[in-house]
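K.L.:
This is the content of final36.txt (compact mmCIF, C-alpha atoms and all ligand atoms):
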# COMPACT_ATOMS: atom_id res chain seq x y z
CA MET X 1 282.55 78.60 167.32
CA LEU X 2 280.98 81.71 165.81
CA PRO X 3 277.29 81.51 164.88
CA SER X 4 277.69 83.66 161.77
CA PRO X 5 279.91 86.36 160.25
CA HIS X 6 277.26 88.83 161.42
CA HIS X 7 277.57 88.03 165.11
CA ASP X 8 279.64 91.06 166.10
CA VAL X 9 277.28 93.81 164.91
CA ALA X 10 275.93 94.65 168.38
CA ALA X 11 279.38 94.56 169.96
CA PHE X 12 280.68 96.76 167.13
CA ALA X 13 277.85 99.25 167.71
CA LEU X 14 278.71 99.36 171.40
CA GLY X 15 282.41 99.79 170.71
CA VAL X 16 283.36 96.82 172.88
CA LEU X 17 285.26 94.80 170.27
CA ASP X 18 288.99 94.33 170.47
CA GLU X 19 290.86 96.42 167.92
CA GLU X 20 291.51 93.34 165.80
CA ASP X 21 287.89 92.18 165.93
CA HIS X 22 286.70 95.74 165.30
CA GLU X 23 288.73 95.97 162.10
CA ALA X 24 287.68 92.50 160.99
CA PHE X 25 284.03 93.31 161.49
CA HIS X 26 284.43 96.71 159.84
CA ARG X 27 285.77 94.98 156.74
CA HIS X 28 282.77 92.63 156.83
CA LEU X 29 280.43 95.57 157.32
CA MET X 30 281.66 97.21 154.14
CA THR X 31 280.43 94.21 152.17
CA CYS X 32 277.35 93.27 154.17
CA GLU X 33 274.17 95.23 153.65
CA GLU X 34 272.44 93.14 156.31
CA CYS X 35 274.85 94.31 159.00
CA GLN X 36 274.69 97.91 157.79
CA VAL X 37 270.92 97.83 158.28
CA GLU X 38 271.26 96.19 161.68
CA LEU X 39 273.89 98.69 162.77
CA ARG X 40 271.60 101.55 161.79
CA GLU X 41 268.80 99.99 163.85
CA LEU X 42 271.11 99.53 166.83
CA GLY X 43 272.15 103.16 166.49
CA GLU X 44 268.53 104.07 167.17
CA VAL X 45 268.69 102.56 170.64
CA PRO X 46 270.25 105.45 172.58
CA GLY X 47 269.36 103.93 175.96
CA LEU X 48 271.65 101.00 175.26
CA LEU X 49 274.53 103.24 174.22
CA ASP X 50 273.99 105.57 177.17
CA ALA X 51 274.13 102.60 179.54
CA VAL X 52 277.55 101.62 178.16
CA LYS X 53 278.87 105.18 178.34
CA ARG X 54 277.66 105.39 181.93
CA ASP X 55 279.50 102.18 182.78
CA ARG X 56 282.67 103.53 181.22
CA SER X 57 282.53 106.88 183.02
CA ASN X 58 281.89 105.04 186.28
CA ALA X 59 284.99 102.97 185.63
CA LEU X 60 287.00 106.12 184.97
CA ASP X 61 285.67 107.69 188.17
CA ASP X 62 286.74 104.60 190.09
CA ASP X 63 290.24 104.94 188.65
CA ARG X 64 290.45 108.55 189.80
CA THR X 65 289.08 107.87 193.26
CA PRO X 66 291.86 107.45 195.82
CA HIS X 67 291.38 104.41 198.02
ZN ZN J 1 276.99 90.80 158.06
Would it be possible to restate this file's structure as structure tokens?
Ligand SMILES: [Zn+2]
P.N.:
Amino acid sequence: MLPSPHHDVAAFALGVLDEEDHEAFHRHLMTCEECQVELRELGEVPGLLDAVKRDRSNALDDDRTPH
């Protein structure tokens, strides 16, 4: 059960939502000033975003590495 319609804002900011969830949250975001504010605040946490990008590039490197 979802705690609130606002629960996906962090996942949305990190780009980790499924396409369907991403679109659903994006529609919510258009109507929800609270989430727009929260998203802006999350966008000011570059360390968090960098950590995710690093994880992704590591995953890509693993794919390219022959075993
Ligand atoms: Zn919201």
K.L.:
Using only C-alpha atoms and all ligand atoms, which of the listed residues (X:Leu17, X:Cys32, X:Val37, X:Leu42) sits closest to ligand ZN 1 (chain J)?
P.N.:
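Distance minimum relative to ligand ZN 1 (chain J) lands on X:Cys32.
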K.L.:
With distances taken over all atoms listed in the file, which residue among X:Asp55, X:Glu41, X:Glu34, X:Asp21 lies nearest ligand ZN 1 (chain J)?
P.N.:
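Answer, going by the shortest atom-to-atom distance: X:Glu34.
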K.L.:
So, with only C-alpha atoms and all ligand atoms as the atoms that count, which of X:Arg40, X:His28, X:Arg54, X:His22 lies closest to ligand ZN 1 (chain J)?
P.N.:
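Answer, going by the shortest atom-to-atom distance: X:His28.
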K.L.:
List the residues sitting within 12 Å of (285.7, 96.2, 159.2) in the file's frame, using only C-alpha atoms, as a list in words.
P.N.:
Pro5, His6, Asp8, Val9, Phe12, Ala13, Leu17, Asp18, Glu19, Glu20, Asp21, His22, Glu23, Ala24, Phe25, His26, Arg27, His28, Leu29, Met30, Thr31, Cys32, Cys35 and Gln36 of chain X
